[in-house]
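Engineer: Sharing coords07.cif, mmCIF, C-alpha atoms and all ligand atoms:
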```
data_entry
loop_
_atom_site.label_atom_id
_atom_site.label_comp_id
_atom_site.auth_asym_id
_atom_site.auth_seq_id
_atom_site.Cartn_x
_atom_site.Cartn_y
_atom_site.Cartn_z
CA MET A 1 -35.34 61.07 -131.81
CA PHE A 2 -33.26 63.91 -130.39
CA SER A 3 -29.54 63.24 -130.14
CA PHE A 4 -26.98 65.12 -128.02
CA GLU A 5 -23.25 64.90 -127.44
CA ILE A 6 -23.00 67.87 -125.10
CA ILE A 7 -24.31 67.76 -121.51
CA LYS A 8 -25.68 71.32 -121.48
CA GLN A 9 -27.73 70.75 -124.65
CA LEU A 10 -29.08 67.45 -123.31
CA GLN A 11 -30.04 69.08 -120.02
CA THR A 12 -31.86 71.96 -121.75
CA HIS A 13 -33.92 69.39 -123.63
CA ILE A 14 -34.61 67.30 -120.51
CA THR A 15 -35.70 70.41 -118.63
CA SER A 16 -38.26 71.10 -121.36
CA LEU A 17 -39.52 67.50 -121.02
CA ARG A 18 -39.87 67.98 -117.26
CA HIS A 19 -42.09 70.99 -117.89
CA GLN A 20 -44.45 68.59 -119.66
CA ARG A 21 -44.67 66.70 -116.34
CA THR A 22 -43.34 63.52 -117.84
CA THR A 23 -41.17 60.94 -116.08
CA ILE A 24 -37.76 60.15 -117.48
CA GLY A 25 -36.73 56.52 -117.96
CA PHE A 26 -32.99 56.17 -118.45
CA ILE A 27 -31.18 53.29 -120.18
CA PRO A 28 -27.38 53.51 -119.98
CA THR A 29 -25.53 51.38 -122.56
CA MET A 30 -22.12 50.95 -124.13
CA GLY A 31 -23.55 50.73 -127.65
CA ALA A 32 -23.21 47.87 -130.14
CA LEU A 33 -26.90 47.62 -129.47
CA HIS A 34 -29.05 44.52 -129.92
CA ALA A 35 -32.62 43.47 -129.21
CA GLY A 36 -31.84 43.17 -125.46
CA HIS A 37 -31.04 46.88 -125.28
CA ALA A 38 -34.07 47.67 -127.47
CA ALA A 39 -36.28 45.76 -125.02
CA LEU A 40 -35.12 48.02 -122.16
CA VAL A 41 -36.06 51.12 -124.17
CA GLN A 42 -39.41 49.58 -125.08
CA GLN A 43 -40.16 48.63 -121.47
CA ALA A 44 -39.33 52.17 -120.31
CA ALA A 45 -41.61 53.63 -123.00
CA HIS A 46 -44.37 51.10 -122.27
CA GLU A 47 -44.30 52.16 -118.61
CA GLY A 48 -45.10 55.71 -119.70
CA ASN A 49 -41.68 57.38 -119.58
CA GLN A 50 -39.87 59.63 -121.98
CA THR A 51 -36.90 57.41 -122.80
CA VAL A 52 -33.32 58.63 -122.61
CA CYS A 53 -30.65 56.17 -123.76
CA SER A 54 -26.93 56.80 -123.45
CA ILE A 55 -24.19 55.24 -125.52
CA PHE A 56 -20.82 55.55 -123.84
CA VAL A 57 -18.02 52.99 -123.78
CA ASN A 58 -16.80 53.75 -120.29
CA PRO A 59 -13.00 53.36 -120.14
CA THR A 60 -12.93 53.24 -116.31
CA GLN A 61 -14.81 49.93 -116.09
CA PHE A 62 -12.40 47.97 -118.30
CA ASN A 63 -9.72 46.27 -116.23
CA ASP A 64 -8.23 44.80 -119.43
CA PRO A 65 -7.12 47.46 -121.98
CA ARG A 66 -7.38 44.91 -124.82
CA ASP A 67 -11.04 44.32 -123.94
CA LEU A 68 -11.67 48.08 -124.22
CA GLU A 69 -9.85 48.22 -127.54
CA LYS A 70 -11.77 45.24 -128.95
CA TYR A 71 -15.16 46.38 -127.64
CA PRO A 72 -17.48 46.56 -130.70
CA ARG A 73 -18.54 50.05 -131.79
CA THR A 74 -21.44 50.45 -134.25
CA PRO A 75 -22.80 54.00 -133.74
CA HIS A 76 -24.66 54.33 -137.05
CA LYS A 77 -26.48 51.03 -136.62
CA ASP A 78 -27.20 51.90 -132.96
CA ILE A 79 -28.79 55.23 -133.84
CA ALA A 80 -30.98 53.56 -136.50
CA LEU A 81 -32.10 50.87 -134.02
CA LEU A 82 -32.95 53.39 -131.28
CA ALA A 83 -34.92 55.54 -133.73
CA LYS A 84 -36.79 52.45 -134.94
CA VAL A 85 -37.85 51.36 -131.43
CA GLY A 86 -39.05 54.86 -130.59
CA CYS A 87 -36.32 56.07 -128.21
CA ASP A 88 -37.01 59.73 -127.45
CA VAL A 89 -33.53 61.00 -126.60
CA LEU A 90 -30.02 59.70 -127.25
CA PHE A 91 -27.01 60.94 -125.28
CA ILE A 92 -23.79 59.96 -127.03
CA PRO A 93 -20.98 61.96 -125.43
CA PRO A 94 -17.24 61.90 -126.06
CA VAL A 95 -15.03 60.78 -123.15
CA ALA A 96 -13.96 64.37 -122.39
CA GLU A 97 -17.59 65.37 -121.84
CA VAL A 98 -18.18 62.66 -119.22
CA TYR A 99 -14.74 62.97 -117.61
CA PRO A 100 -13.54 66.57 -118.18
CA GLU A 101 -9.82 66.97 -117.49
CA ASN A 102 -10.27 69.89 -115.10
CA GLU A 103 -12.85 68.15 -112.90
CA VAL A 104 -12.10 65.30 -110.52
CA ILE A 105 -15.02 62.92 -110.75
CA ASN A 106 -14.13 60.01 -108.59
CA ARG A 107 -16.63 59.04 -105.97
CA ALA A 108 -15.58 55.99 -104.01
CA PHE A 109 -18.31 53.61 -102.96
CA ASP A 110 -18.14 50.92 -100.32
CA PHE A 111 -19.75 47.79 -101.67
CA GLY A 112 -18.35 45.47 -99.02
CA HIS A 113 -17.93 42.06 -100.62
CA LEU A 114 -20.52 42.79 -103.37
CA ASP A 115 -17.77 43.98 -105.71
CA THR A 116 -15.16 41.38 -104.78
CA VAL A 117 -17.12 38.19 -105.57
CA MET A 118 -17.83 36.64 -109.00
CA GLU A 119 -17.26 39.37 -111.64
CA GLY A 120 -15.47 41.46 -109.02
CA ALA A 121 -12.97 38.67 -108.31
CA PHE A 122 -12.09 38.25 -111.98
CA ARG A 123 -12.38 41.93 -113.01
CA PRO A 124 -10.81 43.97 -110.18
CA GLY A 125 -11.97 47.60 -110.17
CA HIS A 126 -14.72 46.89 -112.72
CA PHE A 127 -17.65 47.74 -110.45
CA GLN A 128 -16.06 50.91 -109.05
CA GLY A 129 -15.81 51.98 -112.72
CA VAL A 130 -19.44 51.03 -113.34
CA ALA A 131 -20.60 52.93 -110.24
CA GLN A 132 -18.50 55.93 -111.24
CA VAL A 133 -20.04 56.18 -114.71
CA VAL A 134 -23.61 55.37 -113.64
CA SER A 135 -23.51 57.97 -110.84
CA ARG A 136 -22.05 60.52 -113.26
CA LEU A 137 -24.72 59.77 -115.88
CA LEU A 138 -27.46 59.98 -113.24
CA ASP A 139 -26.17 63.43 -112.23
CA ILE A 140 -26.31 64.48 -115.87
CA VAL A 141 -29.67 62.96 -116.87
CA GLN A 142 -31.50 63.10 -113.52
CA PRO A 143 -33.97 60.37 -114.45
CA ASP A 144 -36.85 59.07 -112.37
CA ILE A 145 -36.29 55.43 -113.26
CA LEU A 146 -33.20 53.52 -114.29
CA TYR A 147 -33.70 50.45 -116.51
CA MET A 148 -31.02 47.75 -116.41
CA GLY A 149 -30.85 44.14 -117.59
CA GLN A 150 -30.90 41.05 -115.41
CA LYS A 151 -28.21 39.68 -117.73
CA ASP A 152 -25.73 41.70 -115.66
CA TYR A 153 -27.25 40.58 -112.38
CA GLN A 154 -24.34 41.53 -110.13
CA GLN A 155 -24.26 44.96 -111.76
CA THR A 156 -27.90 45.55 -110.78
CA VAL A 157 -27.09 44.64 -107.15
CA ILE A 158 -24.11 47.02 -107.18
CA VAL A 159 -26.17 49.86 -108.69
CA LYS A 160 -28.92 49.28 -106.13
CA SER A 161 -26.33 49.60 -103.36
CA MET A 162 -24.88 52.70 -105.04
CA LEU A 163 -28.33 54.34 -105.15
CA GLN A 164 -28.74 53.60 -101.44
CA GLN A 165 -25.30 55.04 -100.62
CA LEU A 166 -26.16 58.20 -102.56
CA ASP A 167 -29.57 58.36 -100.93
CA SER A 168 -30.87 58.71 -104.48
CA PRO A 169 -34.60 58.91 -105.30
CA VAL A 170 -34.00 57.08 -108.60
CA ARG A 171 -35.84 53.74 -108.86
CA LEU A 172 -34.05 50.79 -110.43
CA VAL A 173 -36.04 48.43 -112.65
CA ARG A 174 -34.42 45.09 -113.49
CA CYS A 175 -35.57 43.82 -116.91
CA PRO A 176 -35.55 40.20 -118.14
CA THR A 177 -32.66 38.83 -120.23
CA LEU A 178 -33.34 38.64 -123.95
CA ARG A 179 -31.97 35.54 -125.64
CA GLU A 180 -31.26 34.23 -129.12
CA ALA A 181 -33.54 31.39 -130.31
CA ASP A 182 -31.00 28.82 -129.04
CA GLY A 183 -30.88 30.38 -125.56
CA LEU A 184 -27.62 32.33 -125.79
CA ALA A 185 -28.06 35.58 -123.86
CA MET A 186 -27.82 38.51 -126.27
CA SER A 187 -24.62 40.46 -125.74
CA SER A 188 -22.62 43.05 -127.66
CA ARG A 189 -19.67 40.68 -127.38
CA ASN A 190 -21.46 37.83 -129.23
CA VAL A 191 -20.45 39.29 -132.63
CA ARG A 192 -16.86 38.40 -131.73
CA LEU A 193 -17.62 34.67 -131.36
CA THR A 194 -16.09 32.43 -134.04
CA PRO A 195 -18.68 30.20 -135.81
CA ASP A 196 -17.36 27.24 -133.78
CA PHE A 197 -17.72 28.99 -130.42
CA ARG A 198 -21.05 30.51 -131.46
CA GLN A 199 -22.29 26.93 -131.85
CA LYS A 200 -20.91 25.91 -128.45
CA ALA A 201 -22.06 29.02 -126.55
CA PRO A 202 -25.71 27.95 -125.90
CA ALA A 203 -24.28 25.33 -123.49
CA VAL A 204 -24.04 28.16 -120.95
CA TYR A 205 -27.81 28.64 -120.82
CA GLN A 206 -28.38 24.88 -121.01
CA ALA A 207 -26.22 24.49 -117.89
CA LEU A 208 -28.26 27.19 -116.14
CA LEU A 209 -31.55 25.52 -117.11
CA GLN A 210 -30.22 22.17 -115.92
CA ALA A 211 -29.19 23.80 -112.63
CA LYS A 212 -32.78 24.99 -112.20
CA THR A 213 -34.17 21.49 -112.85
CA LEU A 214 -31.66 19.95 -110.44
CA ALA A 215 -32.51 22.55 -107.78
CA ASP A 216 -36.22 21.82 -108.20
CA ASN A 217 -35.44 18.11 -107.76
CA GLY A 218 -33.65 18.54 -104.46
CA HIS A 219 -29.97 18.43 -105.46
CA SER A 220 -27.57 20.32 -103.22
CA PRO A 221 -25.91 23.59 -104.32
CA SER A 222 -22.44 21.98 -104.39
CA GLU A 223 -23.68 19.05 -106.55
CA ILE A 224 -25.34 21.49 -108.95
CA GLN A 225 -22.21 23.62 -109.19
CA GLN A 226 -20.06 20.60 -110.02
CA ILE A 227 -22.48 19.24 -112.64
CA ALA A 228 -22.77 22.68 -114.30
CA LEU A 229 -19.00 23.22 -114.44
CA GLU A 230 -18.60 19.78 -116.03
CA LYS A 231 -21.37 20.40 -118.57
CA ILE A 232 -19.83 23.70 -119.67
CA THR A 233 -16.32 22.22 -119.85
CA ASN A 234 -17.56 19.17 -121.80
CA ALA A 235 -19.12 21.54 -124.35
CA GLY A 236 -15.62 22.88 -125.16
CA LEU A 237 -15.96 26.11 -123.15
CA LYS A 238 -13.92 27.34 -120.17
CA PRO A 239 -15.95 28.28 -117.10
CA GLU A 240 -14.44 30.89 -114.78
CA TYR A 241 -17.07 30.40 -112.11
CA PHE A 242 -20.55 28.94 -111.69
CA ASP A 243 -21.80 30.18 -108.33
CA LEU A 244 -25.10 29.73 -106.52
CA VAL A 245 -25.58 32.86 -104.46
CA ASP A 246 -28.09 34.72 -102.37
CA GLY A 247 -29.85 37.24 -104.64
CA GLU A 248 -29.19 40.17 -102.30
CA THR A 249 -25.91 39.47 -100.52
CA LEU A 250 -24.32 37.58 -103.46
CA LEU A 251 -22.77 35.21 -100.92
CA PRO A 252 -22.62 31.50 -101.83
CA ILE A 253 -25.42 29.44 -100.37
CA ALA A 254 -24.88 26.09 -98.70
CA ARG A 255 -28.56 25.06 -98.61
CA PHE A 256 -31.62 26.17 -100.57
CA ASN A 257 -33.53 26.83 -97.35
CA ASP A 258 -31.05 29.52 -96.31
CA SER A 259 -32.27 32.21 -98.76
CA LYS A 260 -35.48 33.60 -100.25
CA ASN A 261 -33.83 34.48 -103.57
CA ILE A 262 -31.14 32.32 -105.11
CA VAL A 263 -29.36 33.05 -108.38
CA ALA A 264 -26.95 30.88 -110.33
CA CYS A 265 -24.38 33.17 -111.97
CA THR A 266 -21.68 32.12 -114.40
CA ALA A 267 -18.85 33.51 -116.51
CA VAL A 268 -17.45 31.43 -119.32
CA TRP A 269 -14.74 31.86 -121.93
CA ALA A 270 -15.82 30.91 -125.45
CA GLY A 271 -12.45 31.22 -127.18
CA ASP A 272 -11.34 34.76 -126.39
CA VAL A 273 -14.87 36.03 -125.72
CA ARG A 274 -16.06 36.17 -122.14
CA LEU A 275 -19.77 35.45 -121.67
CA ILE A 276 -21.82 35.95 -118.52
CA ASP A 277 -25.31 34.72 -117.74
CA ASN A 278 -27.53 33.85 -114.77
CA ILE A 279 -30.86 32.36 -113.77
CA PHE A 280 -33.02 32.54 -110.66
CA LEU A 281 -33.16 29.13 -108.95
CA LYS A 282 -35.53 30.40 -106.26
CA GLY A 283 -37.56 33.60 -105.92
CA GLY A 284 -36.70 36.36 -108.34
P1 LIG A 301 -24.15 47.12 -122.03
O1 LIG A 301 -24.27 47.95 -123.26
O2 LIG A 301 -23.69 45.72 -122.29
O3 LIG A 301 -23.41 47.82 -120.92
O4 LIG A 301 -25.63 46.92 -121.49
C1 LIG A 301 -26.47 48.02 -121.25
C2 LIG A 301 -27.70 47.52 -120.54
O5 LIG A 301 -28.36 46.56 -121.32
C3 LIG A 301 -27.36 46.85 -119.20
O6 LIG A 301 -28.33 47.21 -118.22
C4 LIG A 301 -27.46 45.39 -119.54
O7 LIG A 301 -27.76 44.56 -118.44
C5 LIG A 301 -28.58 45.39 -120.56
N1 LIG A 301 -28.52 44.19 -121.40
C6 LIG A 301 -27.44 43.72 -122.05
N2 LIG A 301 -27.76 42.56 -122.67
C7 LIG A 301 -29.05 42.30 -122.39
C8 LIG A 301 -29.95 41.24 -122.71
N3 LIG A 301 -29.58 40.21 -123.45
N4 LIG A 301 -31.21 41.31 -122.24
C9 LIG A 301 -31.61 42.35 -121.46
N5 LIG A 301 -30.81 43.38 -121.11
C10 LIG A 301 -29.55 43.35 -121.57
#
```
Go through the file and emit its structure as structure tokens.
Structural biologist:
Amino acid sequence: MFSFEIIKQLQTHITSLRHQRTTIGFIPTMGALHAGHAALVQQAAHEGNQTVCSIFVNPTQFNDPRDLEKYPRTPHKDIALLAKVGCDVLFIPPVAEVYPENEVINRAFDFGHLDTVMEGAFRPGHFQGVAQVVSRLLDIVQPDILYMGQKDYQQTVIVKSMLQQLDSPVRLVRCPTLREADGLAMSSRNVRLTPDFRQKAPAVYQALLQAKTLADNGHSPSEIQQIALEKITNAGLKPEYFDLVDGETLLPIARFNDSKNIVACTAVWAGDVRLIDNIFLKGG
């Protein structure tokens, strides 16, 4: 695996890959990698791309400075994992390389309500930060395909909108969520769960699975929302939201017949760790 910290060196290497007429599959991450990240790299490789993975803890997408400070960082383990799963290129830049002091890199995007609902409501400015770093990384890497996880469903909708606003030729591929054996969605933040909350955390996925069963059995969206919030609370966790939304507009649905794609999305506090997860209730 080739590894670069400096944009110019990365770009020289990518240019040489392009001369081999290969497509570039790009997987942006914030490190503290787990099998979910590895699966994105493997899917990109399986689909015939040279794989470029970035590790960059983007300060502009953290609305809470303590969250940024506490974000796990495991660069040595990450590099070993990427090499093991056959990643071709790693880009691991310092902050000053992505956001040089003498350059103003601040594109503003108009996401309408897409960045004010769910995660956007609880993490103001988060998605503008995500769009800023993803657009910057796309400028640097110039991939053909961008691989992102369904685990961050709203993020994939935001990035899709961003690509449209930029009139970008990059194709976005949404990859399935990898889970622990007990259903907990893999996340870099899971290492911060206390043993007690680690035991309680699978209730999030159980609530999502129950929502799917209830939807299949004709329960209304508002009933499902209420049952899910109760289930999560009864498990000793604190739900922030459990919303049933249209898969494209992210607006709450009143009836299942109103949309082709319906996703249940939730954010839950397990102690001082914030977990997010989602499931398609219809379409997908
Ligand atoms: P992060 O490092 O958390 O910013 O995540 C980097 C990419 O990995 C994003 O596209 C995430 O959606 C994706 N990802 C994170 N966790 C998982 C998971 N459990 N399964 C699949 N993809 C994931």
Engineer: Ranking A:Leu163, A:Ile55, A:Met148, A:Met1 by minimum distance to Cys175 of chain A and counting all atoms listed in the file, which one comes first?
Structural biologist: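 Once distances to Cys175 of chain A are computed over all atoms listed in the file, the minimum belongs to A:Met148.
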Engineer: Check the smallest atom-to-atom distance from each of A:Ile24, A:Val134, A:Leu17, A:Ala207 to ligand LIG 301 (chain A) using all atoms listed in the file, then report the winner.
Structural biologist: A:Val134
Engineer: Could you build a table of the residues in chain A lying no more than 7 Å from ligand LIG 301 (chain A), giving for each the nearest pair of atoms and their separation in Å rounded to one decimal place, using all atoms listed in the file, ordered by chain and ascending residue number, as CSV?
Structural biologist:
```
residue,atom,partner,partner_atom,distance
A:Ile27,CA,A:LIG301,C2,6.7
A:Pro28,CA,A:LIG301,C1,5.7
A:Thr29,CA,A:LIG301,O1,3.7
A:Met30,CA,A:LIG301,O1,3.8
A:Gly31,CA,A:LIG301,O1,5.2
A:Ala32,CA,A:LIG301,O1,7.0
A:Leu33,CA,A:LIG301,O1,6.8
A:Gly36,CA,A:LIG301,N4,3.8
A:His37,CA,A:LIG301,O5,4.8
A:Ala39,CA,A:LIG301,C9,6.8
A:Leu40,CA,A:LIG301,N5,6.4
A:Tyr147,CA,A:LIG301,O6,6.5
A:Met148,CA,A:LIG301,O6,3.3
A:Gly149,CA,A:LIG301,O7,3.2
A:Gln150,CA,A:LIG301,O7,5.6
A:Lys151,CA,A:LIG301,O7,5.0
A:Asp152,CA,A:LIG301,O7,4.5
A:Cys175,CA,A:LIG301,C9,6.2
A:Pro176,CA,A:LIG301,C9,5.6
A:Thr177,CA,A:LIG301,N4,3.5
A:Leu178,CA,A:LIG301,N4,3.8
A:Arg179,CA,A:LIG301,N3,5.7
A:Ala185,CA,A:LIG301,N3,4.9
A:Met186,CA,A:LIG301,N3,3.7
A:Ser187,CA,A:LIG301,N2,4.9
A:Ser188,CA,A:LIG301,O2,6.1
```
Engineer: Counting all atoms listed in the file, what is within 8 Å of segment 121-132 of chain A, bar same-chain residues fewer than 6 positions away, as a VMD selection string?
Structural biologist: chain A and resid 58 60 to 63 105 to 109 115 155 158 to 159 162
Engineer: Have a look at A:Lys8, A:Lys238, A:His219, A:Arg66 and name the one nearest to Ala254 of chain A; count only C-alpha atoms.
Structural biologist: A:His219
Engineer: Looking at all atoms listed in the file, which of A:Gly183, A:Gly112, A:Pro59, A:Gly218 is the one that sits closest to Ala96 of chain A?
Structural biologist: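 With all atoms listed in the file as the atom set, the closest residue is A:Pro59.
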Engineer: Could you name the residues that touch Ile145 of chain A at 7 Å or less, counting all atoms listed in the file, but leaving out those on the same chain fewer than 4 positions away, as a PyMOL selection string?
Structural biologist: chain A and resi 24-26+170-172
Engineer: Atoms to include: C-alpha atoms. Write the selected residues as a CSV table (one decimal), in the coordinates of the input.
Structural biologist:
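Full text of again-v2.csv as output:
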```csv
chain,number,residue,atom,x,y,z
A,24,ILE,CA,-37.8,60.2,-117.5
A,25,GLY,CA,-36.7,56.5,-118.0
A,26,PHE,CA,-33.0,56.2,-118.4
A,170,VAL,CA,-34.0,57.1,-108.6
A,171,ARG,CA,-35.8,53.7,-108.9
A,172,LEU,CA,-34.0,50.8,-110.4
```
Engineer: Which distance in Å separates atom CA of Ala80 of chain A and atom CA of Val141 of chain A, to one decimal?
Structural biologist: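 So the answer is 21.8 Å.
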Engineer: Determine the nearest neighbour of Lys200 of chain A from the options A:Asn217, A:Gln20, A:Thr233, A:Gln165, counting only C-alpha atoms.
Structural biologist: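 Closest candidate: A:Thr233.
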Engineer: One number please: atom CA of Ser259 of chain A to atom CA of Val204 of chain A, in Å, one decimal.
Structural biologist: 24.0 Å
Engineer: For Leu90 of chain A, work out the shell of residues within 8 Å, counting only C-alpha atoms and skipping chain neighbours fewer than 6 positions away, then give it as a list in words.
Structural biologist: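 Near Leu90 of chain A, the qualifying residues are Met1, Phe2, Ser3, Phe4, Val52, Cys53, Ser54 and Ile55 of chain A.
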Engineer: Atom CA of Val268 of chain A and atom CA of Val191 of chain A, how far apart in Å?
Structural biologist: 15.7 Å
Engineer: Looking at all atoms listed in the file, which of A:Leu166, A:Leu237, A:Ile140, A:Ala215 is the one that sits closest to Phe256 of chain A?
Structural biologist: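 Going through A:Leu166, A:Leu237, A:Ile140, A:Ala215 one by one, the smallest distance to Phe256 of chain A is for A:Ala215.
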Engineer: Where atoms are missing, can you supply N, CA, C and O atoms for segment 258-277 of chain A and output the lot as a PDB file, in the frame of the given file?
Structural biologist:
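Written file, selection.pdb:
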```
ATOM      1  N   ASP A 258     -31.693  28.383 -96.987  1.00  0.00           N
ATOM      2  CA  ASP A 258     -31.050  29.520 -96.310  1.00  0.00           C
ATOM      3  C   ASP A 258     -31.433  30.880 -96.895  1.00  0.00           C
ATOM      4  O   ASP A 258     -31.182  31.910 -96.280  1.00  0.00           O
ATOM      5  N   SER A 259     -32.003  30.917 -98.110  1.00  0.00           N
ATOM      6  CA  SER A 259     -32.270  32.210 -98.760  1.00  0.00           C
ATOM      7  C   SER A 259     -33.636  32.227 -99.434  1.00  0.00           C
ATOM      8  O   SER A 259     -34.118  31.182 -99.889  1.00  0.00           O
ATOM      9  N   LYS A 260     -34.190  33.421 -99.543  1.00  0.00           N
ATOM     10  CA  LYS A 260     -35.480  33.600-100.250  1.00  0.00           C
ATOM     11  C   LYS A 260     -35.252  33.628-101.757  1.00  0.00           C
ATOM     12  O   LYS A 260     -36.022  33.116-102.536  1.00  0.00           O
ATOM     13  N   ASN A 261     -34.167  34.337-102.147  1.00  0.00           N
ATOM     14  CA  ASN A 261     -33.830  34.480-103.570  1.00  0.00           C
ATOM     15  C   ASN A 261     -32.470  33.862-103.820  1.00  0.00           C
ATOM     16  O   ASN A 261     -31.504  34.227-103.151  1.00  0.00           O
ATOM     17  N   ILE A 262     -32.439  32.955-104.783  1.00  0.00           N
ATOM     18  CA  ILE A 262     -31.140  32.320-105.110  1.00  0.00           C
ATOM     19  C   ILE A 262     -30.903  32.414-106.612  1.00  0.00           C
ATOM     20  O   ILE A 262     -31.796  32.113-107.419  1.00  0.00           O
ATOM     21  N   VAL A 263     -29.714  32.872-106.962  1.00  0.00           N
ATOM     22  CA  VAL A 263     -29.360  33.050-108.380  1.00  0.00           C
ATOM     23  C   VAL A 263     -28.131  32.207-108.687  1.00  0.00           C
ATOM     24  O   VAL A 263     -27.186  32.178-107.888  1.00  0.00           O
ATOM     25  N   ALA A 264     -28.169  31.528-109.827  1.00  0.00           N
ATOM     26  CA  ALA A 264     -26.950  30.880-110.330  1.00  0.00           C
ATOM     27  C   ALA A 264     -26.331  31.832-111.337  1.00  0.00           C
ATOM     28  O   ALA A 264     -26.995  32.263-112.287  1.00  0.00           O
ATOM     29  N   CYS A 265     -25.075  32.205-111.098  1.00  0.00           N
ATOM     30  CA  CYS A 265     -24.380  33.170-111.970  1.00  0.00           C
ATOM     31  C   CYS A 265     -23.141  32.502-112.526  1.00  0.00           C
ATOM     32  O   CYS A 265     -22.429  31.792-111.798  1.00  0.00           O
ATOM     33  N   THR A 266     -22.866  32.745-113.808  1.00  0.00           N
ATOM     34  CA  THR A 266     -21.680  32.120-114.400  1.00  0.00           C
ATOM     35  C   THR A 266     -20.973  33.052-115.368  1.00  0.00           C
ATOM     36  O   THR A 266     -21.598  33.944-115.949  1.00  0.00           O
ATOM     37  N   ALA A 267     -19.664  32.844-115.482  1.00  0.00           N
ATOM     38  CA  ALA A 267     -18.850  33.510-116.510  1.00  0.00           C
ATOM     39  C   ALA A 267     -18.050  32.432-117.205  1.00  0.00           C
ATOM     40  O   ALA A 267     -17.502  31.535-116.546  1.00  0.00           O
ATOM     41  N   VAL A 268     -18.015  32.516-118.521  1.00  0.00           N
ATOM     42  CA  VAL A 268     -17.450  31.430-119.320  1.00  0.00           C
ATOM     43  C   VAL A 268     -16.662  32.029-120.490  1.00  0.00           C
ATOM     44  O   VAL A 268     -17.126  32.970-121.131  1.00  0.00           O
ATOM     45  N   TRP A 269     -15.487  31.469-120.728  1.00  0.00           N
ATOM     46  CA  TRP A 269     -14.740  31.860-121.930  1.00  0.00           C
ATOM     47  C   TRP A 269     -15.148  30.978-123.095  1.00  0.00           C
ATOM     48  O   TRP A 269     -15.092  29.755-122.997  1.00  0.00           O
ATOM     49  N   ALA A 270     -15.554  31.621-124.194  1.00  0.00           N
ATOM     50  CA  ALA A 270     -15.820  30.910-125.450  1.00  0.00           C
ATOM     51  C   ALA A 270     -14.739  31.398-126.411  1.00  0.00           C
ATOM     52  O   ALA A 270     -14.901  32.443-127.044  1.00  0.00           O
ATOM     53  N   GLY A 271     -13.614  30.686-126.454  1.00  0.00           N
ATOM     54  CA  GLY A 271     -12.450  31.220-127.180  1.00  0.00           C
ATOM     55  C   GLY A 271     -11.954  32.433-126.423  1.00  0.00           C
ATOM     56  O   GLY A 271     -11.747  32.374-125.209  1.00  0.00           O
ATOM     57  N   ASP A 272     -11.808  33.567-127.123  1.00  0.00           N
ATOM     58  CA  ASP A 272     -11.340  34.760-126.390  1.00  0.00           C
ATOM     59  C   ASP A 272     -12.485  35.728-126.081  1.00  0.00           C
ATOM     60  O   ASP A 272     -12.277  36.909-125.850  1.00  0.00           O
ATOM     61  N   VAL A 273     -13.712  35.205-126.075  1.00  0.00           N
ATOM     62  CA  VAL A 273     -14.870  36.030-125.720  1.00  0.00           C
ATOM     63  C   VAL A 273     -15.405  35.566-124.370  1.00  0.00           C
ATOM     64  O   VAL A 273     -15.630  34.372-124.157  1.00  0.00           O
ATOM     65  N   ARG A 274     -15.580  36.514-123.480  1.00  0.00           N
ATOM     66  CA  ARG A 274     -16.060  36.170-122.140  1.00  0.00           C
ATOM     67  C   ARG A 274     -17.564  36.417-122.069  1.00  0.00           C
ATOM     68  O   ARG A 274     -18.026  37.522-122.322  1.00  0.00           O
ATOM     69  N   LEU A 275     -18.304  35.361-121.729  1.00  0.00           N
ATOM     70  CA  LEU A 275     -19.770  35.450-121.670  1.00  0.00           C
ATOM     71  C   LEU A 275     -20.216  35.373-120.220  1.00  0.00           C
ATOM     72  O   LEU A 275     -19.642  34.598-119.449  1.00  0.00           O
ATOM     73  N   ILE A 276     -21.233  36.141-119.849  1.00  0.00           N
ATOM     74  CA  ILE A 276     -21.820  35.950-118.520  1.00  0.00           C
ATOM     75  C   ILE A 276     -23.324  35.729-118.667  1.00  0.00           C
ATOM     76  O   ILE A 276     -23.942  36.162-119.647  1.00  0.00           O
ATOM     77  N   ASP A 277     -23.877  35.010-117.696  1.00  0.00           N
ATOM     78  CA  ASP A 277     -25.310  34.720-117.740  1.00  0.00           C
ATOM     79  C   ASP A 277     -25.735  34.305-116.324  1.00  0.00           C
ATOM     80  O   ASP A 277     -24.877  34.042-115.460  1.00  0.00           O
TER      81      ASP A 277
END
```
